[in-house]
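*Asks:* One file: my_file08.cif (mmCIF, C-alpha atoms).
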data_work
#
loop_
_atom_site.group_PDB
_atom_site.id
_atom_site.type_symbol
_atom_site.label_atom_id
_atom_site.label_comp_id
_atom_site.auth_asym_id
_atom_site.auth_seq_id
_atom_site.Cartn_x
_atom_site.Cartn_y
_atom_site.Cartn_z
ATOM 1 C CA MET A 1447 10.664 -14.361 4.056
ATOM 2 C CA ASN A 1448 12.078 -15.374 0.678
ATOM 3 C CA ASP A 1449 9.457 -13.317 -1.183
ATOM 4 C CA LEU A 1450 10.587 -10.154 0.622
ATOM 5 C CA LEU A 1451 14.272 -10.935 0.112
ATOM 6 C CA ASP A 1452 13.668 -11.814 -3.559
ATOM 7 C CA THR A 1453 11.857 -8.528 -4.126
ATOM 8 C CA ILE A 1454 14.612 -6.488 -2.503
ATOM 9 C CA SER A 1455 17.309 -8.406 -4.385
ATOM 10 C CA SER A 1456 15.577 -7.556 -7.667
ATOM 11 C CA TYR A 1457 16.612 -3.930 -6.967
ATOM 12 C CA ILE A 1458 19.944 -4.258 -5.141
ATOM 13 C CA PRO A 1459 22.562 -6.897 -4.374
ATOM 14 C CA LEU A 1460 21.654 -8.493 -1.049
ATOM 15 C CA SER A 1461 24.612 -9.386 1.191
ATOM 16 C CA GLU A 1462 24.322 -12.110 3.813
ATOM 17 C CA SER A 1463 24.686 -9.501 6.569
ATOM 18 C CA LEU A 1464 21.814 -7.437 5.139
ATOM 19 C CA LYS A 1465 19.658 -10.568 4.797
ATOM 20 C CA LYS A 1466 20.333 -11.383 8.447
ATOM 21 C CA ALA A 1467 19.552 -7.824 9.555
ATOM 22 C CA LEU A 1468 16.271 -7.870 7.621
ATOM 23 C CA GLN A 1469 15.287 -11.226 9.100
ATOM 24 C CA GLU A 1470 16.019 -9.926 12.609
ATOM 25 C CA ARG A 1471 14.045 -6.709 12.119
ATOM 26 C CA THR A 1472 10.925 -7.813 10.272
ATOM 27 C CA ASP A 1473 7.871 -9.410 11.812
ATOM 28 C CA ILE A 1474 5.158 -11.404 10.099
ATOM 29 C CA HIS A 1475 1.497 -10.502 10.665
ATOM 30 C CA THR A 1476 -1.774 -12.072 9.667
ATOM 31 C CA PHE A 1477 -4.718 -9.714 9.290
ATOM 32 C CA LYS A 1478 -8.290 -10.910 8.925
ATOM 33 C CA LYS A 1479 -10.496 -9.321 6.285
ATOM 34 C CA GLY A 1480 -11.880 -6.085 7.736
ATOM 35 C CA SER A 1481 -9.086 -5.610 10.285
ATOM 36 C CA LEU A 1482 -8.013 -2.042 10.947
ATOM 37 C CA ILE A 1483 -4.217 -2.011 10.699
ATOM 38 C CA HIS A 1484 -3.536 1.680 11.126
ATOM 39 C CA SER A 1485 -5.799 4.364 12.561
ATOM 40 C CA ALA A 1486 -5.639 8.028 11.579
ATOM 41 C CA ASP A 1487 -5.363 9.064 15.221
ATOM 42 C CA GLN A 1488 -1.988 7.322 15.561
ATOM 43 C CA ILE A 1489 1.470 7.884 14.129
ATOM 44 C CA CYS A 1490 2.290 5.274 11.484
ATOM 45 C CA ARG A 1491 5.419 3.531 12.754
ATOM 46 C CA GLU A 1492 5.385 0.457 10.516
ATOM 47 C CA SER A 1493 5.514 -0.223 6.818
ATOM 48 C CA TYR A 1494 3.995 -3.468 5.546
ATOM 49 C CA PHE A 1495 5.246 -5.671 2.722
ATOM 50 C CA ILE A 1496 2.294 -7.727 1.514
ATOM 51 C CA ARG A 1497 2.952 -11.415 1.128
ATOM 52 C CA SER A 1498 -0.660 -12.259 0.250
ATOM 53 C CA GLY A 1499 -3.894 -10.306 0.270
ATOM 54 C CA ILE A 1500 -4.867 -6.677 -0.285
ATOM 55 C CA LEU A 1501 -4.570 -3.656 2.004
ATOM 56 C CA ARG A 1502 -6.288 -0.339 1.404
ATOM 57 C CA LEU A 1503 -5.323 3.225 2.327
ATOM 58 C CA TYR A 1504 -8.390 5.399 2.925
ATOM 59 C CA PHE A 1505 -9.648 8.509 4.702
ATOM 60 C CA LEU A 1506 -12.996 9.675 6.041
ATOM 61 C CA LYS A 1507 -14.952 12.473 4.396
ATOM 62 C CA ASP A 1508 -18.240 13.493 5.980
ATOM 63 C CA GLY A 1509 -18.213 10.187 7.878
ATOM 64 C CA LYS A 1510 -17.796 8.070 4.724
ATOM 65 C CA GLU A 1511 -14.762 6.023 3.739
ATOM 66 C CA VAL A 1512 -12.948 7.218 0.623
ATOM 67 C CA SER A 1513 -10.445 4.741 -0.808
ATOM 68 C CA GLU A 1514 -7.155 6.399 -1.749
ATOM 69 C CA PHE A 1515 -5.319 3.372 -3.132
ATOM 70 C CA PHE A 1516 -4.936 -0.397 -2.872
ATOM 71 C CA CYS A 1517 -1.777 -2.501 -2.484
ATOM 72 C CA SER A 1518 -1.369 -6.213 -3.043
ATOM 73 C CA GLU A 1519 1.305 -8.885 -3.194
ATOM 74 C CA LYS A 1520 4.946 -7.722 -3.286
ATOM 75 C CA GLU A 1521 4.064 -4.098 -2.525
ATOM 76 C CA TRP A 1522 4.737 -1.942 0.530
ATOM 77 C CA ILE A 1523 2.057 0.119 2.219
ATOM 78 C CA ASN A 1524 2.043 2.641 5.024
ATOM 79 C CA SER A 1525 0.469 5.994 5.662
ATOM 80 C CA PRO A 1526 3.143 7.861 3.679
ATOM 81 C CA ARG A 1527 3.176 11.279 5.335
ATOM 82 C CA SER A 1528 2.678 9.898 8.836
ATOM 83 C CA PHE A 1529 5.408 7.285 8.342
ATOM 84 C CA MET A 1530 7.940 9.748 6.904
ATOM 85 C CA MET A 1531 7.191 12.710 9.169
ATOM 86 C CA GLN A 1532 6.267 10.666 12.261
ATOM 87 C CA GLU A 1533 3.104 12.665 12.818
ATOM 88 C CA VAL A 1534 -0.599 11.939 12.758
ATOM 89 C CA ASP A 1535 -2.370 12.332 9.406
ATOM 90 C CA GLU A 1536 -5.812 11.525 7.983
ATOM 91 C CA TYR A 1537 -5.215 8.005 6.660
ATOM 92 C CA TYR A 1538 -6.364 4.581 7.791
ATOM 93 C CA ILE A 1539 -5.174 1.198 6.518
ATOM 94 C CA ASP A 1540 -7.396 -1.860 6.532
ATOM 95 C CA ALA A 1541 -7.387 -5.386 5.139
ATOM 96 C CA ILE A 1542 -9.928 -6.024 2.406
ATOM 97 C CA GLU A 1543 -8.908 -9.678 2.224
ATOM 98 C CA ASP A 1544 -7.255 -11.982 4.717
ATOM 99 C CA THR A 1545 -3.697 -10.709 4.429
ATOM 100 C CA GLU A 1546 -0.250 -11.861 5.438
ATOM 101 C CA ALA A 1547 2.390 -9.140 5.590
ATOM 102 C CA TYR A 1548 5.853 -8.451 6.918
ATOM 103 C CA SER A 1549 6.296 -5.287 8.957
ATOM 104 C CA LEU A 1550 9.319 -3.068 9.341
ATOM 105 C CA ASP A 1551 9.347 -0.445 12.083
ATOM 106 C CA VAL A 1552 10.558 3.026 11.124
ATOM 107 C CA LYS A 1553 13.390 2.765 13.697
ATOM 108 C CA ASP A 1554 14.538 -0.493 12.137
ATOM 109 C CA LEU A 1555 14.358 1.021 8.674
ATOM 110 C CA LEU A 1556 16.556 3.920 9.833
ATOM 111 C CA TYR A 1557 18.991 1.395 11.339
ATOM 112 C CA LEU A 1558 19.155 -0.418 8.005
ATOM 113 C CA PHE A 1559 19.766 2.884 6.182
ATOM 114 C CA ASP A 1560 22.584 3.760 8.591
ATOM 115 C CA HIS A 1561 24.297 0.370 8.434
ATOM 116 C CA PHE A 1562 23.519 -0.715 4.886
ATOM 117 C CA PRO A 1563 23.674 2.187 2.409
ATOM 118 C CA GLU A 1564 22.323 -0.084 -0.314
ATOM 119 C CA MET A 1565 19.001 -0.086 1.568
ATOM 120 C CA GLU A 1566 18.674 3.637 0.882
ATOM 121 C CA ARG A 1567 19.093 2.841 -2.809
ATOM 122 C CA TYR A 1568 16.437 0.127 -2.558
ATOM 123 C CA ALA A 1569 14.043 2.518 -0.801
ATOM 124 C CA ARG A 1570 14.536 5.155 -3.500
ATOM 125 C CA LEU A 1571 13.976 2.647 -6.287
ATOM 126 C CA ASP A 1572 10.988 0.992 -4.624
ATOM 127 C CA MET A 1573 9.336 4.336 -3.863
ATOM 128 C CA GLY A 1574 8.269 4.146 -7.485
ATOM 129 C CA SER A 1575 5.468 1.828 -6.365
ATOM 130 C CA THR A 1576 4.063 4.415 -3.961
ATOM 131 C CA PHE A 1577 4.505 7.181 -6.513
ATOM 132 C CA ARG A 1578 2.782 5.037 -9.139
ATOM 133 C CA HIS A 1579 -0.261 4.661 -6.867
ATOM 134 C CA MET A 1580 -0.289 8.372 -6.030
ATOM 135 C CA LEU A 1581 0.117 9.455 -9.649
ATOM 136 C CA ALA A 1582 -2.619 7.048 -10.726
ATOM 137 C CA ARG A 1583 -4.834 8.563 -8.048
ATOM 138 C CA LEU A 1584 -4.086 12.111 -9.204
ATOM 139 C CA ALA A 1585 -4.710 11.153 -12.818
ATOM 140 C CA SER A 1586 -8.032 9.573 -11.862
ATOM 141 C CA LEU A 1587 -9.156 12.881 -10.399
ATOM 142 C CA ARG A 1588 -8.513 14.665 -13.714
ATOM 143 C CA VAL A 1589 -10.771 12.486 -15.858
ATOM 144 C CA SER A 1590 -14.288 13.788 -16.120
ATOM 145 C CA THR A 1591 -16.856 11.090 -16.800
ATOM 146 C CA ALA A 1592 -17.711 8.114 -14.644
ATOM 147 C CA ARG A 1593 -16.829 5.802 -17.536
ATOM 148 C CA GLU A 1594 -13.366 7.405 -17.929
ATOM 149 C CA LYS A 1595 -12.761 7.084 -14.196
ATOM 150 C CA TYR A 1596 -13.726 3.413 -14.266
ATOM 151 C CA GLU A 1597 -11.568 2.702 -17.329
ATOM 152 C CA HIS A 1598 -8.636 4.445 -15.664
ATOM 153 C CA PHE A 1599 -9.123 2.390 -12.489
ATOM 154 C CA SER A 1600 -9.372 -0.827 -14.504
ATOM 155 C CA ALA A 1601 -6.144 -0.036 -16.343
ATOM 156 C CA ASN A 1602 -4.261 0.659 -13.099
ATOM 157 C CA TYR A 1603 -5.656 -2.209 -11.008
ATOM 158 C CA THR A 1604 -6.149 -4.890 -13.677
ATOM 159 C CA HIS A 1605 -4.454 -7.574 -11.564
ATOM 160 C CA ILE A 1606 -6.626 -7.056 -8.455
ATOM 161 C CA GLN A 1607 -9.814 -5.189 -9.444
ATOM 162 C CA HIS A 1608 -11.865 -8.394 -9.301
ATOM 163 C CA ARG A 1609 -10.814 -8.827 -5.644
ATOM 164 C CA ILE A 1610 -11.869 -5.344 -4.467
ATOM 165 C CA PRO A 1611 -15.441 -4.806 -3.195
ATOM 166 C CA LEU A 1612 -17.577 -2.621 -5.487
ATOM 167 C CA GLY A 1613 -18.336 -0.097 -2.741
ATOM 168 C CA MET A 1614 -14.612 0.537 -2.236
ATOM 169 C CA ILE A 1615 -14.061 0.927 -5.974
ATOM 170 C CA ALA A 1616 -16.983 3.359 -6.141
ATOM 171 C CA SER A 1617 -15.525 5.427 -3.280
ATOM 172 C CA TYR A 1618 -12.136 5.482 -5.046
ATOM 173 C CA LEU A 1619 -13.833 6.700 -8.231
ATOM 174 C CA GLY A 1620 -16.077 9.182 -6.447
ATOM 175 C CA ILE A 1621 -19.215 7.739 -8.013
ATOM 176 C CA ALA A 1622 -22.311 5.983 -6.688
ATOM 177 C CA ARG A 1623 -22.190 2.211 -6.414
ATOM 178 C CA GLU A 1624 -25.232 1.991 -8.710
ATOM 179 C CA THR A 1625 -23.353 3.968 -11.370
ATOM 180 C CA LEU A 1626 -20.418 1.586 -11.055
ATOM 181 C CA SER A 1627 -22.727 -1.433 -11.411
ATOM 182 C CA ARG A 1628 -24.251 0.086 -14.551
ATOM 183 C CA LEU A 1629 -20.787 0.778 -16.041
ATOM 184 C CA ARG A 1630 -19.686 -2.773 -15.379
ATOM 185 C CA ARG A 1631 -22.789 -4.145 -17.146
ATOM 186 C CA GLU A 1632 -22.328 -2.013 -20.258
#
As structure tokens, how would this structure be written, given the file I've shared?
*Replies:*
Amino acid sequence: MNDLLDTISSYIPLSESLKKALQERTDIHTFKKGSLIHSADQICRESYFIRSGILRLYFLKDGKEVSEFFCSEKEWINSPRSFMMQEVDEYYIDAIEDTEAYSLDVKDLLYLFDHFPEMERYARLDMGSTFRHMLARLASLRVSTAREKYEHFSANYTHIQHRIPLGMIASYLGIARETLSRLRRE
């Protein structure tokens, strides 16, 4: 739990009462590689803070998985629109490594916002992580060649790219796996 508390305290002062409330409202989960954590046919009610491992947000297009973004240690992940609007959307979340994560239910998050205004500040500041992933994704769609897409991915996921399966990277880039293999060899 210290990793979660340390991360939050790097953004806001963390009172003992807020620490206690967080400890009471978060659960720890262990997900095996390949586990489906959130399905697109359900409302996303939990946000996950990754302690170890990598989780992926993806959608299906013509029956094929398309990776939207990847989150690793000390990052939060949920299905953003579903979590915020409490409605079904198109995204799935799965574990691409054995992963340990804390979860926070949307109701508990709202309780924390109501009783600890500093948590709203933390949420606003930490949203930068989600926006960073989304902006990186948008930017990746604007580059034209496969090489540029791969270089952009490498720059944005330097710390974890070696841990992500090639097929998932290829789907993120919108290129064939063979093209990705060729780019990596060059």
*Asks:* For this structure, which residues satisfy the selection - the PyMOL selection byres ((chain A and resi 1531-1534) around 7) - when it is evaluated on the file as given? I want them as a PyMOL selection string.
*Replies:* chain A and resi 1486-1490+1527-1530+1535
*Asks:* Please work out which residues fall within 8 Å of (-10.1, -1.5, 11.2), coordinates as given in the file, with only C-alpha atoms counting, and return them as a PyMOL selection string.
*Replies:* chain A and resi 1480-1485+1538-1541
*Asks:* Can you translate the PyMOL selection byres ((chain A and resi 1458) around 12) into the concrete residues it hits in this file, as a PDB file with C-alpha atoms, keeping the file's coordinate frame?
*Replies:*
ATOM      1  CA  LEU A1451      14.272 -10.935   0.112  1.00  0.00           C
ATOM      2  CA  ASP A1452      13.668 -11.814  -3.559  1.00  0.00           C
ATOM      3  CA  THR A1453      11.857  -8.528  -4.126  1.00  0.00           C
ATOM      4  CA  ILE A1454      14.612  -6.488  -2.503  1.00  0.00           C
ATOM      5  CA  SER A1455      17.309  -8.406  -4.385  1.00  0.00           C
ATOM      6  CA  SER A1456      15.577  -7.556  -7.667  1.00  0.00           C
ATOM      7  CA  TYR A1457      16.612  -3.930  -6.967  1.00  0.00           C
ATOM      8  CA  PRO A1459      22.562  -6.897  -4.374  1.00  0.00           C
ATOM      9  CA  LEU A1460      21.654  -8.493  -1.049  1.00  0.00           C
ATOM     10  CA  SER A1461      24.612  -9.386   1.191  1.00  0.00           C
ATOM     11  CA  LEU A1464      21.814  -7.437   5.139  1.00  0.00           C
ATOM     12  CA  LYS A1465      19.658 -10.568   4.797  1.00  0.00           C
ATOM     13  CA  PHE A1562      23.519  -0.715   4.886  1.00  0.00           C
ATOM     14  CA  PRO A1563      23.674   2.187   2.409  1.00  0.00           C
ATOM     15  CA  GLU A1564      22.323  -0.084  -0.314  1.00  0.00           C
ATOM     16  CA  MET A1565      19.001  -0.086   1.568  1.00  0.00           C
ATOM     17  CA  GLU A1566      18.674   3.637   0.882  1.00  0.00           C
ATOM     18  CA  ARG A1567      19.093   2.841  -2.809  1.00  0.00           C
ATOM     19  CA  TYR A1568      16.437   0.127  -2.558  1.00  0.00           C
ATOM     20  CA  ALA A1569      14.043   2.518  -0.801  1.00  0.00           C
ATOM     21  CA  ARG A1570      14.536   5.155  -3.500  1.00  0.00           C
ATOM     22  CA  LEU A1571      13.976   2.647  -6.287  1.00  0.00           C
ATOM     23  CA  ASP A1572      10.988   0.992  -4.624  1.00  0.00           C
TER      24      ASP A1572
END
*Asks:* Starting from the PyMOL selection byres ((chain A and resi 1626) around 10), expand the selection into actual residues of this file and give them as a list in words.
*Replies:* Ala1592, Arg1593, Lys1595, Tyr1596, Leu1612, Gly1613, Ile1615, Ala1616, Ser1617, Leu1619, Gly1620, Ile1621, Ala1622, Arg1623, Glu1624, Thr1625, Ser1627, Arg1628, Leu1629, Arg1630 and Arg1631 of chain A
*Asks:* If you measure from atom CA of A:Arg1502 to atom CA of A:Ile1542, what distance in Å do you get, rounded to one decimal?
*Replies:*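 Atom-to-atom, atom CA of A:Arg1502 and atom CA of A:Ile1542 are spaced 6.8 Å apart.
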*Asks:* Smallest atom-to-atom distance to A:Thr1476: which of A:Arg1497, A:Arg1588, A:Lys1520, A:His1598, using all atoms listed in the file?
*Replies:*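 With all atoms listed in the file as the atom set, the closest residue is A:Arg1497.
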*Asks:* Point out the residue among A:Asp1544, A:Glu1521, A:Asp1551, A:Glu1597 with the least atom-to-atom distance to A:Phe1577, counting all atoms listed in the file.
*Replies:*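 Among the listed residues, the smallest separation from A:Phe1577 belongs to A:Glu1521.
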*Asks:* Which residue, A:Asn1524, A:Thr1591, A:Ser1518, A:Thr1604, has the smallest gap to A:Ile1496 when you use all atoms listed in the file?
*Replies:* A:Ser1518
*Asks:* Restricting the calculation to only C-alpha atoms, which member of A:Phe1559, A:Tyr1494, A:Tyr1537, A:Gln1469 is positioned closest to A:Ser1513?
*Replies:*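 Checking each candidate against A:Ser1513, we get A:Tyr1537 as the closest.
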*Asks:* Between atom CA of A:Glu1470 and atom CA of A:Leu1450, what is the distance, to one decimal in Å?
*Replies:*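 For atom CA of A:Glu1470 relative to atom CA of A:Leu1450, the distance reads 13.2 Å.
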*Asks:* Between atom CA of A:Asp1508 and atom CA of A:Ala1601, what distance in Å does the model show, to one decimal?
*Replies:*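 Atom-to-atom, atom CA of A:Asp1508 and atom CA of A:Ala1601 are spaced 28.8 Å apart.
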